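Okay, structure-v9.pdb now, which holds PDB, C-alpha atoms:
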ATOM      1  CA  MET A 515       0.000   0.000   0.000
ATOM      2  CA  LYS A 516       2.814   2.415   0.858
ATOM      3  CA  LYS A 517       4.484   1.739  -2.493
ATOM      4  CA  LEU A 518       1.176   2.361  -4.296
ATOM      5  CA  LEU A 519       0.731   5.682  -2.503
ATOM      6  CA  ILE A 520       4.226   6.749  -3.520
ATOM      7  CA  ILE A 521       3.446   5.932  -7.169
ATOM      8  CA  LEU A 522       0.135   7.825  -7.044
ATOM      9  CA  CYS A 523       1.812  10.865  -5.472
ATOM     10  CA  ALA A 524       4.474  10.819  -8.168
ATOM     11  CA  LEU A 525       1.797  10.729 -10.877
ATOM     12  CA  CYS A 526      -0.072  13.613  -9.231
ATOM     13  CA  ALA A 527       3.129  15.632  -9.032
ATOM     14  CA  THR A 528       3.693  15.099 -12.758
ATOM     15  CA  VAL A 529       0.215  16.400 -13.616
ATOM     16  CA  VAL A 530       0.613  19.435 -11.347
ATOM     17  CA  GLN A 531       4.030  20.123 -12.835
ATOM     18  CA  ALA A 532       2.547  20.116 -16.332
ATOM     19  CA  GLN A 533      -0.024  22.697 -15.250
ATOM     20  CA  GLU A 534       2.318  25.134 -13.509
ATOM     21  CA  TYR A 535       3.434  27.035 -16.602
ATOM     22  CA  SER A 536       2.476  30.712 -16.490
ATOM     23  CA  LEU A 537       2.253  33.011 -19.478
ATOM     24  CA  VAL A 538       5.194  35.446 -19.547
ATOM     25  CA  TRP A 539       4.934  36.770 -23.128
ATOM     26  CA  ASN A 540       2.233  36.966 -25.765
ATOM     27  CA  GLU A 541       2.376  38.223 -29.348
ATOM     28  CA  ASP A 542      -0.915  38.148 -31.246
ATOM     29  CA  PHE A 543      -0.329  40.762 -33.991
ATOM     30  CA  THR A 544      -3.665  42.492 -33.314
ATOM     31  CA  ASP A 545      -2.252  46.030 -33.391
ATOM     32  CA  GLY A 546      -2.360  46.113 -37.199
ATOM     33  CA  THR A 547       1.350  46.758 -37.665
ATOM     34  CA  LEU A 548       4.474  44.795 -36.842
ATOM     35  CA  ASP A 549       5.947  45.779 -33.474
ATOM     36  CA  THR A 550       9.508  46.805 -34.294
ATOM     37  CA  GLN A 551      10.371  46.751 -30.591
ATOM     38  CA  VAL A 552       9.910  42.988 -30.831
ATOM     39  CA  TRP A 553      10.727  42.062 -34.427
ATOM     40  CA  ASN A 554      13.540  42.643 -36.893
ATOM     41  CA  ILE A 555      12.645  42.341 -40.585
ATOM     42  CA  GLU A 556      15.543  40.713 -42.393
ATOM     43  CA  VAL A 557      16.618  42.259 -45.705
ATOM     44  CA  ASN A 558      19.101  40.180 -47.677
ATOM     45  CA  GLY A 559      19.531  37.828 -50.597
ATOM     46  CA  ASP A 560      22.389  35.764 -49.212
ATOM     47  CA  GLY A 561      20.575  32.441 -49.500
ATOM     48  CA  GLY A 562      20.610  31.674 -45.791
ATOM     49  CA  GLY A 563      23.675  29.470 -46.142
ATOM     50  CA  ASN A 564      21.490  26.942 -47.992
ATOM     51  CA  ASN A 565      21.533  28.315 -51.568
ATOM     52  CA  GLU A 566      17.951  29.564 -51.163
ATOM     53  CA  LEU A 567      16.461  31.512 -54.056
ATOM     54  CA  GLN A 568      14.533  34.301 -52.320
ATOM     55  CA  TYR A 569      15.425  37.881 -51.489
ATOM     56  CA  TYR A 570      14.092  38.616 -48.003
ATOM     57  CA  CYS A 571      12.661  42.111 -47.910
ATOM     58  CA  GLN A 572      10.089  44.313 -46.184
ATOM     59  CA  LYS A 573       7.459  43.688 -48.846
ATOM     60  CA  GLY A 574       7.464  40.020 -47.856
ATOM     61  CA  VAL A 575       6.399  40.858 -44.286
ATOM     62  CA  SER A 576       3.026  42.285 -43.303
ATOM     63  CA  VAL A 577       0.309  42.154 -40.655
ATOM     64  CA  GLY A 578      -3.272  41.567 -41.737
ATOM     65  CA  ALA A 579      -6.286  39.293 -41.771
ATOM     66  CA  GLU A 580      -6.184  35.629 -42.727
ATOM     67  CA  PRO A 581      -8.991  35.489 -45.306
ATOM     68  CA  THR A 582     -10.871  32.423 -44.032
ATOM     69  CA  THR A 583     -10.985  33.233 -40.316
ATOM     70  CA  GLY A 584     -10.369  36.979 -40.314
ATOM     71  CA  LYS A 585      -7.719  36.506 -37.623
ATOM     72  CA  GLN A 586      -5.069  39.227 -37.502
ATOM     73  CA  CYS A 587      -1.753  37.549 -38.278
ATOM     74  CA  LEU A 588       1.858  38.061 -39.129
ATOM     75  CA  ILE A 589       1.971  37.250 -42.858
ATOM     76  CA  LEU A 590       5.080  36.074 -44.692
ATOM     77  CA  THR A 591       4.569  36.172 -48.475
ATOM     78  CA  ALA A 592       6.655  34.450 -51.145
ATOM     79  CA  THR A 593       6.316  35.901 -54.662
ATOM     80  CA  LYS A 594       7.893  34.910 -57.968
ATOM     81  CA  GLU A 595       9.341  38.157 -59.324
ATOM     82  CA  ASP A 596      12.632  39.768 -60.321
ATOM     83  CA  TYR A 597      14.088  41.676 -57.374
ATOM     84  CA  GLN A 598      17.663  42.723 -56.571
ATOM     85  CA  GLY A 599      19.091  40.052 -58.845
ATOM     86  CA  LYS A 600      16.859  37.296 -57.429
ATOM     87  CA  LYS A 601      13.865  35.581 -59.035
ATOM     88  CA  CYS A 602      11.569  35.750 -56.002
ATOM     89  CA  THR A 603      10.947  37.633 -52.767
ATOM     90  CA  SER A 604       9.779  36.456 -49.353
ATOM     91  CA  GLY A 605       9.690  37.313 -45.652
ATOM     92  CA  ARG A 606      11.713  36.492 -42.571
ATOM     93  CA  VAL A 607      11.558  38.049 -39.104
ATOM     94  CA  ASN A 608      13.527  37.483 -35.912
ATOM     95  CA  SER A 609      13.481  38.776 -32.340
ATOM     96  CA  LYS A 610      17.252  38.943 -31.820
ATOM     97  CA  HIS A 611      18.253  41.351 -29.012
ATOM     98  CA  LYS A 612      14.556  42.220 -28.526
ATOM     99  CA  VAL A 613      12.854  39.094 -27.140
ATOM    100  CA  HIS A 614      14.722  36.037 -25.925
ATOM    101  CA  TYR A 615      14.338  33.368 -23.273
ATOM    102  CA  THR A 616      15.947  30.326 -21.686
ATOM    103  CA  TYR A 617      13.834  27.235 -20.944
ATOM    104  CA  GLY A 618      10.080  27.036 -20.686
ATOM    105  CA  MET A 619       7.316  26.303 -23.151
ATOM    106  CA  ILE A 620       6.774  28.116 -26.429
ATOM    107  CA  GLU A 621       3.666  27.753 -28.554
ATOM    108  CA  ALA A 622       2.658  29.151 -31.938
ATOM    109  CA  ARG A 623      -0.540  28.928 -33.963
ATOM    110  CA  ILE A 624       0.415  28.843 -37.646
ATOM    111  CA  LYS A 625      -1.251  28.262 -40.991
ATOM    112  CA  PHE A 626       1.331  26.957 -43.427
ATOM    113  CA  PRO A 627       1.146  27.552 -47.179
ATOM    114  CA  ASN A 628       0.785  24.785 -49.702
ATOM    115  CA  THR A 629       4.468  24.062 -50.125
ATOM    116  CA  ALA A 630       3.978  21.897 -53.246
ATOM    117  CA  ASN A 631       7.537  21.620 -54.553
ATOM    118  CA  GLY A 632       9.894  24.339 -53.432
ATOM    119  CA  LEU A 633       8.611  26.275 -50.414
ATOM    120  CA  TRP A 634      10.359  25.859 -47.068
ATOM    121  CA  PRO A 635       8.429  27.432 -44.156
ATOM    122  CA  ALA A 636      10.040  27.277 -40.725
ATOM    123  CA  PHE A 637       9.537  28.364 -37.119
ATOM    124  CA  TRP A 638      12.739  28.085 -35.092
ATOM    125  CA  GLN A 639      15.282  29.511 -32.625
ATOM    126  CA  LEU A 640      18.940  30.513 -32.481
ATOM    127  CA  GLY A 641      21.226  31.289 -29.562
ATOM    128  CA  GLU A 642      21.233  34.974 -28.646
ATOM    129  CA  ASN A 643      25.055  34.814 -28.599
ATOM    130  CA  ILE A 644      25.307  34.175 -32.355
ATOM    131  CA  ASP A 645      27.006  37.539 -32.966
ATOM    132  CA  GLN A 646      29.794  36.553 -30.563
ATOM    133  CA  VAL A 647      30.321  32.859 -31.394
ATOM    134  CA  GLY A 648      28.684  32.402 -34.787
ATOM    135  CA  TRP A 649      26.769  29.441 -36.143
ATOM    136  CA  PRO A 650      26.655  26.558 -35.241
ATOM    137  CA  LYS A 651      28.288  27.285 -31.869
ATOM    138  CA  CYS A 652      25.238  29.324 -30.852
ATOM    139  CA  GLY A 653      22.952  26.308 -31.286
ATOM    140  CA  GLU A 654      19.878  26.038 -33.501
ATOM    141  CA  THR A 655      16.490  24.553 -32.628
ATOM    142  CA  ASP A 656      14.070  24.006 -35.505
ATOM    143  CA  ILE A 657      10.598  23.650 -34.007
ATOM    144  CA  ILE A 658       9.184  22.881 -37.442
ATOM    145  CA  GLU A 659      10.361  22.792 -41.044
ATOM    146  CA  MET A 660       8.250  21.768 -44.019
ATOM    147  CA  GLY A 661       9.040  21.247 -47.706
ATOM    148  CA  HIS A 662      11.907  18.748 -47.625
ATOM    149  CA  LYS A 663      12.484  16.835 -50.857
ATOM    150  CA  ASP A 664      11.866  13.531 -49.044
ATOM    151  CA  GLY A 665       8.240  14.573 -48.697
ATOM    152  CA  PHE A 666       7.616  15.093 -52.403
ATOM    153  CA  ASN A 667       5.209  12.851 -54.359
ATOM    154  CA  ASN A 668       2.000  14.291 -52.917
ATOM    155  CA  ARG A 669       3.074  14.050 -49.262
ATOM    156  CA  GLN A 670       4.231  17.644 -48.907
ATOM    157  CA  ASN A 671       1.260  18.696 -46.784
ATOM    158  CA  ARG A 672       1.952  16.000 -44.158
ATOM    159  CA  TYR A 673       5.756  15.686 -44.142
ATOM    160  CA  PHE A 674       7.745  17.799 -41.663
ATOM    161  CA  ASN A 675      10.529  17.650 -39.094
ATOM    162  CA  GLY A 676      11.913  19.097 -35.893
ATOM    163  CA  ALA A 677      15.681  19.385 -35.514
ATOM    164  CA  MET A 678      18.601  20.631 -33.414
ATOM    165  CA  HIS A 679      22.099  21.632 -34.509
ATOM    166  CA  LEU A 680      25.341  22.581 -32.791
ATOM    167  CA  GLY A 681      29.041  22.197 -33.418
ATOM    168  CA  ARG A 682      32.431  23.794 -33.913
ATOM    169  CA  ALA A 683      32.110  24.914 -37.548
ATOM    170  CA  TRP A 684      29.754  24.736 -40.520
ATOM    171  CA  ASN A 685      31.428  21.507 -41.665
ATOM    172  CA  ALA A 686      31.600  19.979 -38.171
ATOM    173  CA  VAL A 687      27.962  20.027 -37.075
ATOM    174  CA  TRP A 688      26.099  17.617 -34.797
ATOM    175  CA  GLN A 689      22.477  17.479 -35.767
ATOM    176  CA  ASP A 690      19.381  15.551 -34.862
ATOM    177  CA  ALA A 691      16.523  15.824 -37.366
ATOM    178  CA  GLN A 692      13.408  13.746 -36.724
ATOM    179  CA  ALA A 693      11.032  13.648 -39.699
ATOM    180  CA  HIS A 694       7.431  12.457 -39.814
ATOM    181  CA  GLU A 695       4.642  11.877 -42.276
ATOM    182  CA  TRP A 696       1.668  13.075 -40.232
ATOM    183  CA  ALA A 697      -1.751  11.432 -40.199
ATOM    184  CA  TYR A 698      -3.509  14.559 -41.499
ATOM    185  CA  SER A 699      -2.735  17.634 -43.559
ATOM    186  CA  LEU A 700      -0.816  20.426 -41.881
ATOM    187  CA  GLN A 701      -1.394  22.886 -44.710
ATOM    188  CA  ASP A 702      -5.163  23.225 -44.587
ATOM    189  CA  THR A 703      -5.838  25.413 -41.558
ATOM    190  CA  PHE A 704      -4.165  26.663 -38.373
ATOM    191  CA  HIS A 705      -2.176  24.215 -36.246
ATOM    192  CA  ILE A 706      -0.612  24.701 -32.817
ATOM    193  CA  LEU A 707       3.037  23.843 -32.241
ATOM    194  CA  THR A 708       4.375  23.368 -28.728
ATOM    195  CA  MET A 709       7.967  23.008 -27.576
ATOM    196  CA  VAL A 710       8.878  22.198 -23.965
ATOM    197  CA  TRP A 711      12.513  23.096 -23.259
ATOM    198  CA  THR A 712      14.176  22.158 -19.958
ATOM    199  CA  PRO A 713      17.821  21.890 -18.850
ATOM    200  CA  THR A 714      17.740  18.157 -19.654
ATOM    201  CA  SER A 715      15.457  17.719 -22.675
ATOM    202  CA  VAL A 716      13.528  19.219 -25.572
ATOM    203  CA  ASP A 717      10.121  17.903 -26.661
ATOM    204  CA  MET A 718       7.973  19.162 -29.535
ATOM    205  CA  TYR A 719       4.252  18.501 -30.061
ATOM    206  CA  MET A 720       1.740  19.004 -32.853
ATOM    207  CA  ASP A 721      -1.860  19.966 -32.005
ATOM    208  CA  LYS A 722      -1.599  18.571 -28.495
ATOM    209  CA  HIS A 723      -4.570  20.716 -27.444
ATOM    210  CA  ALA A 724      -6.848  18.927 -29.919
ATOM    211  CA  HIS A 725      -5.150  15.536 -29.843
ATOM    212  CA  PRO A 726      -3.876  14.893 -26.309
ATOM    213  CA  GLU A 727      -2.908  11.396 -27.411
ATOM    214  CA  ASN A 728      -0.214  12.787 -29.736
ATOM    215  CA  ASP A 729       3.282  11.915 -28.575
ATOM    216  CA  ALA A 730       6.187  14.284 -29.063
ATOM    217  CA  TYR A 731       7.230  14.369 -32.711
ATOM    218  CA  PHE A 732      10.726  15.369 -31.590
ATOM    219  CA  HIS A 733      12.624  14.461 -28.434
ATOM    220  CA  ALA A 734      16.245  15.147 -27.564
ATOM    221  CA  ASP A 735      18.162  14.654 -24.345
ATOM    222  CA  LEU A 736      20.457  17.559 -23.549
ATOM    223  CA  GLU A 737      23.540  15.636 -22.557
ATOM    224  CA  PRO A 738      26.807  17.087 -21.207
ATOM    225  CA  ASN A 739      30.067  16.701 -23.102
ATOM    226  CA  GLU A 740      33.674  17.518 -22.214
ATOM    227  CA  ASP A 741      33.954  19.357 -25.534
ATOM    228  CA  ALA A 742      32.103  22.644 -24.930
ATOM    229  CA  ASP A 743      31.125  23.006 -28.596
ATOM    230  CA  TYR A 744      29.209  19.717 -28.428
ATOM    231  CA  ASN A 745      27.912  20.026 -24.872
ATOM    232  CA  ARG A 746      24.140  20.105 -25.410
ATOM    233  CA  GLN A 747      23.430  21.181 -21.834
ATOM    234  CA  LEU A 748      25.786  24.121 -22.222
ATOM    235  CA  VAL A 749      24.907  25.237 -25.762
ATOM    236  CA  PHE A 750      21.160  24.808 -25.273
ATOM    237  CA  GLY A 751      21.225  26.287 -21.797
ATOM    238  CA  LYS A 752      21.493  29.888 -22.971
ATOM    239  CA  PRO A 753      18.995  32.507 -24.203
ATOM    240  CA  ASN A 754      17.421  31.919 -27.622
ATOM    241  CA  PHE A 755      15.564  34.294 -29.913
ATOM    242  CA  ILE A 756      12.696  33.441 -32.272
ATOM    243  CA  ILE A 757      12.689  33.245 -36.081
ATOM    244  CA  ALA A 758       9.903  32.709 -38.603
ATOM    245  CA  ASN A 759      10.534  32.559 -42.327
ATOM    246  CA  LEU A 760       9.228  31.335 -45.654
ATOM    247  CA  ALA A 761      12.225  30.244 -47.728
ATOM    248  CA  VAL A 762      12.092  29.352 -51.418
ATOM    249  CA  GLY A 763      14.151  26.545 -52.905
ATOM    250  CA  GLY A 764      17.694  25.677 -51.896
ATOM    251  CA  ASN A 765      19.304  22.607 -50.401
ATOM    252  CA  PHE A 766      16.369  21.535 -48.199
ATOM    253  CA  PRO A 767      13.826  21.039 -51.015
ATOM    254  CA  GLY A 768      16.656  20.343 -53.459
ATOM    255  CA  ILE A 769      15.501  22.907 -56.033
ATOM    256  CA  TRP A 770      17.813  25.655 -57.254
ATOM    257  CA  ASP A 771      15.922  26.834 -60.356
ATOM    258  CA  ILE A 772      12.952  29.185 -59.904
ATOM    259  CA  ASN A 773      11.104  27.343 -62.677
ATOM    260  CA  GLY A 774      11.131  24.233 -60.481
ATOM    261  CA  ILE A 775       9.223  26.014 -57.692
ATOM    262  CA  THR A 776       5.760  24.703 -58.537
ATOM    263  CA  ALA A 777       4.264  26.331 -55.430
ATOM    264  CA  LEU A 778       4.653  29.804 -56.966
ATOM    265  CA  ALA A 779       3.496  28.935 -60.487
ATOM    266  CA  ASN A 780       0.018  30.386 -59.920
ATOM    267  CA  GLY A 781       0.832  33.357 -57.716
ATOM    268  CA  PRO A 782       2.186  34.237 -54.269
ATOM    269  CA  ARG A 783       1.952  31.929 -51.238
ATOM    270  CA  LYS A 784       1.460  33.092 -47.654
ATOM    271  CA  MET A 785       2.364  31.789 -44.193
ATOM    272  CA  TYR A 786       0.073  33.091 -41.414
ATOM    273  CA  ILE A 787       1.121  33.258 -37.756
ATOM    274  CA  ASP A 788      -1.837  33.945 -35.477
ATOM    275  CA  TRP A 789       0.038  34.120 -32.176
ATOM    276  CA  ILE A 790       3.204  33.129 -30.315
ATOM    277  CA  ARG A 791       3.347  32.627 -26.542
ATOM    278  CA  ILE A 792       6.073  31.824 -24.035
ATOM    279  CA  TYR A 793       5.351  30.176 -20.672
ATOM    280  CA  GLN A 794       7.689  29.518 -17.755
ATOM    281  CA  ARG A 795       7.546  27.990 -14.263
ATOM    282  CA  GLY A 796      10.241  29.907 -12.433
ATOM    283  CA  ASP A 797      12.639  26.963 -12.548
ATOM    284  CA  ALA A 798      16.345  27.431 -11.921
ATOM    285  CA  GLY A 799      18.105  28.751 -14.998
ATOM    286  CA  GLN A 800      15.002  30.177 -16.647
ATOM    287  CA  SER A 801      15.260  33.680 -18.048
ATOM    288  CA  PHE A 802      13.129  35.975 -20.154
ATOM    289  CA  PHE A 803      13.863  39.339 -21.759
ATOM    290  CA  SER A 804      11.635  41.653 -23.790
ATOM    291  CA  ASN A 805      12.713  44.989 -25.203
ATOM    292  CA  ALA A 806       9.091  46.059 -25.605
ATOM    293  CA  PRO A 807       7.143  47.513 -22.684
ATOM    294  CA  SER A 808       3.925  45.660 -21.975
ATOM    295  CA  ASP A 809       1.067  45.649 -19.530
ATOM    296  CA  PRO A 810       1.393  43.263 -16.590
ATOM    297  CA  ILE A 811       0.325  39.712 -17.409
ATOM    298  CA  GLU A 812      -2.022  38.047 -14.975
ATOM    299  CA  PRO A 813      -0.262  35.108 -13.277
ATOM    300  CA  GLU A 814      -2.589  32.443 -14.688
ATOM    301  CA  SER A 815      -1.201  28.911 -14.715
ATOM    302  CA  VAL A 816      -2.060  27.215 -17.990
ATOM    303  CA  SER A 817      -0.659  24.502 -20.209
ATOM    304  CA  SER A 818      -2.005  23.361 -23.559
ATOM    305  CA  ILE A 819      -0.242  20.063 -22.919
ATOM    306  CA  SER A 820      -2.935  19.098 -20.426
ATOM    307  CA  ASN A 821      -6.008  20.727 -21.983
ATOM    308  CA  THR A 822      -8.498  19.360 -24.489
ATOM    309  CA  PRO A 823     -10.323  21.526 -27.049
ATOM    310  CA  SER A 824     -13.203  23.153 -25.205
ATOM    311  CA  THR A 825     -14.598  26.503 -24.197
ATOM    312  CA  GLU A 826     -15.222  26.879 -20.490
ATOM    313  CA  ILE A 827     -16.257  30.130 -18.807
ATOM    314  CA  GLN A 828     -15.468  30.679 -15.149
ATOM    315  CA  ASN A 829     -15.153  34.020 -13.323
ATOM    316  CA  GLY A 830     -14.904  35.931 -16.588
ATOM    317  CA  LYS A 831     -12.227  33.625 -18.028
ATOM    318  CA  VAL A 832     -12.546  31.552 -21.200
ATOM    319  CA  LEU A 833     -10.459  28.449 -21.892
ATOM    320  CA  ARG A 834     -10.008  28.143 -25.634
ATOM    321  CA  ASP A 835      -7.386  26.374 -27.747
ATOM    322  CA  GLY A 836      -5.657  25.460 -24.488
ATOM    323  CA  HIS A 837      -5.267  29.066 -23.334
ATOM    324  CA  LEU A 838      -7.026  31.380 -20.906
ATOM    325  CA  TYR A 839      -8.632  34.560 -22.201
ATOM    326  CA  ILE A 840     -10.699  37.318 -20.596
ATOM    327  CA  LEU A 841     -14.377  37.682 -21.540
ATOM    328  CA  ARG A 842     -15.569  41.256 -21.085
ATOM    329  CA  ASN A 843     -18.774  42.824 -22.461
ATOM    330  CA  GLY A 844     -19.077  40.090 -25.067
ATOM    331  CA  ASN A 845     -15.511  40.592 -26.334
ATOM    332  CA  LEU A 846     -12.552  38.240 -25.928
ATOM    333  CA  TYR A 847      -9.192  39.641 -24.746
ATOM    334  CA  ASP A 848      -5.786  38.056 -24.212
ATOM    335  CA  LEU A 849      -4.131  38.223 -20.809
ATOM    336  CA  ASN A 850      -2.444  41.482 -21.842
ATOM    337  CA  GLY A 851      -5.903  43.011 -22.234
ATOM    338  CA  ARG A 852      -5.684  43.185 -26.035
ATOM    339  CA  LEU A 853      -8.807  42.471 -28.105
ATOM    340  CA  ILE A 854      -8.933  39.018 -29.714
ATOM    341  CA  GLN A 855     -12.403  39.108 -31.237
TER     342      GLN A 855
END
Let me see the structure of the file written as structure tokens.
Amino acid sequence: MKKLLIILCALCATVVQAQEYSLVWNEDFTDGTLDTQVWNIEVNGDGGGNNELQYYCQKGVSVGAEPTTGKQCLILTATKEDYQGKKCTSGRVNSKHKVHYTYGMIEARIKFPNTANGLWPAFWQLGENIDQVGWPKCGETDIIEMGHKDGFNNRQNRYFNGAMHLGRAWNAVWQDAQAHEWAYSLQDTFHILTMVWTPTSVDMYMDKHAHPENDAYFHADLEPNEDADYNRQLVFGKPNFIIANLAVGGNFPGIWDINGITALANGPRKMYIDWIRIYQRGDAGQSFFSNAPSDPIEPESVSSISNTPSTEIQNGKVLRDGHLYILRNGNLYDLNGRLIQ
């Protein structure tokens, strides 16, 4: 009986632990313009180190309504056109030096474009110390990438991967990429990505709020190593900033000719990001920094890992898509007090 009680207590502690995350940062793009205190718009045609075809520029980044739902989103647009010596344009933003964090849970609600052959959308992180140590010493965590050539032959809408990279130099990289062909399309509507990052592990989930039975599509143990450049605990134990981009062609899809990018044959393609949120528990080693002033966030403890899709109203709060919102005078607000609908 004593042993059984110990096991039950341990299980209870695990559930409580999963529910102790508190929202520390929320970006929902409802202000109508991109917050430049949070985001940097990248402008370059250097190919991202992967022989990509696009020129990243301001015209590829906007904030506006997703046409089906009307949700205000960050929009990254890839367009086939001549620009600055390139054959297409697109968008990429990052939060370097403006928003970064160490450990916790990050979630994003994203609608991916039809990648067909040639588009390469991604939501990922890099070490904030990249300017000092360079890549790959800063560490890279790819929460999702779509469009790899292995997913061609009518599987593009279901094939994706999570990945991590670190190492001493570009030609001496340790990487762990875990690819999946998902059971349903990921390019039809919005989907919620979740990454749980602790000092000892990284786990990534797809639509856990709607499918609590989904296991992590990516898991990595952050193991120590005597060689600092390959010490996962050390490299992935430092602040990271956020990146979202819609690349075109290059080494990942294995297409280096604009005429092979079938996704852009009939016009531009768009990637919509509804919101991004960071949660933490106050664990040792956790940190968070934001350059942008914001209203105080109510200390609600929520976790989409443990919630199922439902709407539940209690004391003026609404639980929706695994997150708590404020219901006031018939309108829905996020925990920063900004209007959602």
- prompt: How would you write, as JSON, numbers by chain, the residues chosen by the PyMOL selection byres ((chain A and resi 792) around 8) on this structure?
  reply: {"A": [537, 538, 539, 540, 618, 619, 620, 621, 790, 791, 793, 794]}
Selected residues written out, C-alpha atoms, as a short mmCIF file (atom, residue, chain, number, x, y, z; two decimals), in the frame of the given file:
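The resulting file, out_5.cif, is reproduced below:
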data_model
loop_
_atom_site.label_atom_id
_atom_site.label_comp_id
_atom_site.auth_asym_id
_atom_site.auth_seq_id
_atom_site.Cartn_x
_atom_site.Cartn_y
_atom_site.Cartn_z
CA LEU A 537 2.25 33.01 -19.48
CA VAL A 538 5.19 35.45 -19.55
CA TRP A 539 4.93 36.77 -23.13
CA ASN A 540 2.23 36.97 -25.76
CA GLY A 618 10.08 27.04 -20.69
CA MET A 619 7.32 26.30 -23.15
CA ILE A 620 6.77 28.12 -26.43
CA GLU A 621 3.67 27.75 -28.55
CA ILE A 790 3.20 33.13 -30.32
CA ARG A 791 3.35 32.63 -26.54
CA TYR A 793 5.35 30.18 -20.67
CA GLN A 794 7.69 29.52 -17.76
#
field: Contact residues around Tyr617 of chain A with all atoms listed in the file at 6 Å, ignoring same-chain residues under 5 positions, as a PyMOL selection string
entry: chain A and resi 711-712+800
Residues of segment 592-632 of chain A that approach segment 766-775 of chain A to 10 Å or less, counting all atoms listed in the file: could you list each one with the shortest pair of atoms and its distance in Å to one decimal, rows by chain and increasing residue number, as CSV?
residue,atom,partner,partner_atom,distance
A:Lys594,CA,A:Ile772,CA,7.9
A:Glu595,CA,A:Ile772,CA,9.7
A:Lys600,CA,A:Ile772,CA,9.3
A:Lys601,CA,A:Ile772,CA,6.5
A:Cys602,CA,A:Ile772,CA,7.8
A:Thr629,CA,A:Ile775,CA,9.1
A:Ala630,CA,A:Ile775,CA,8.0
A:Asn631,CA,A:Ile775,CA,5.7
A:Gly632,CA,A:Ile775,CA,4.6
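Straight-line separation from atom CA of Lys722 of chain A to atom CA of Val613 of chain A: 25.1 Å.
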Using all atoms listed in the file, which residues of segment 587-615 of chain A come within 8 Å of segment 552-575 of chain A, and what is the closest atom pair for each, with the distance in Å to one decimal? Give it as CSV, sorted by chain and residue number.
residue,atom,partner,partner_atom,distance
A:Leu588,CA,A:Val575,CA,7.4
A:Ile589,CA,A:Val575,CA,5.9
A:Leu590,CA,A:Val575,CA,5.0
A:Thr591,CA,A:Gly574,CA,4.9
A:Ala592,CA,A:Gly574,CA,6.5
A:Tyr597,CA,A:Tyr569,CA,7.1
A:Gln598,CA,A:Tyr569,CA,7.4
A:Lys600,CA,A:Tyr569,CA,6.1
A:Lys601,CA,A:Gln568,CA,6.9
A:Cys602,CA,A:Gln568,CA,4.9
A:Thr603,CA,A:Tyr569,CA,4.7
A:Ser604,CA,A:Gly574,CA,4.5
A:Gly605,CA,A:Gly574,CA,4.1
A:Arg606,CA,A:Glu556,CA,5.7
A:Val607,CA,A:Ile555,CA,4.7
A:Asn608,CA,A:Asn554,CA,5.3
A:Ser609,CA,A:Trp553,CA,4.8
A:Lys610,CA,A:Asn554,CA,7.3
A:Lys612,CA,A:Val552,CA,5.2
A:Val613,CA,A:Val552,CA,6.1
Given all atoms listed in the file as the counted atoms, nearest of A:Asn728, A:Asn754, A:Ser576, A:Gln646 to Phe802 of chain A: A:Asn754
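For the set A:Asn671, A:Asp717, A:Gly763, A:Leu680, the residue with the smallest atom-to-atom gap to Gln692 of chain A is A:Asp717, counting only C-alpha atoms.
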- prompt: Expanded to explicit residues, what is the PyMOL selection byres ((chain A and resi 734) around 10) for this file, as an MDAnalysis selection string?
  reply: chainID A and resid 677:678 690:692 711 714:718 732:733 735:737 746
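The residue that comes closest to Val749 of chain A, out of A:Gly661, A:Gly681, A:Gly653, A:Gly764 and on the basis of all atoms listed in the file, is A:Gly653.
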message: Given only C-alpha atoms as the basis, pick out the residue of A:Ala697, A:Glu580, A:Thr776, A:Gln586 nearest to Asp545 of chain A.
response: A:Gln586
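Note that atom CA of Thr593 of chain A and atom CA of Ile658 of chain A are 21.8 Å apart.
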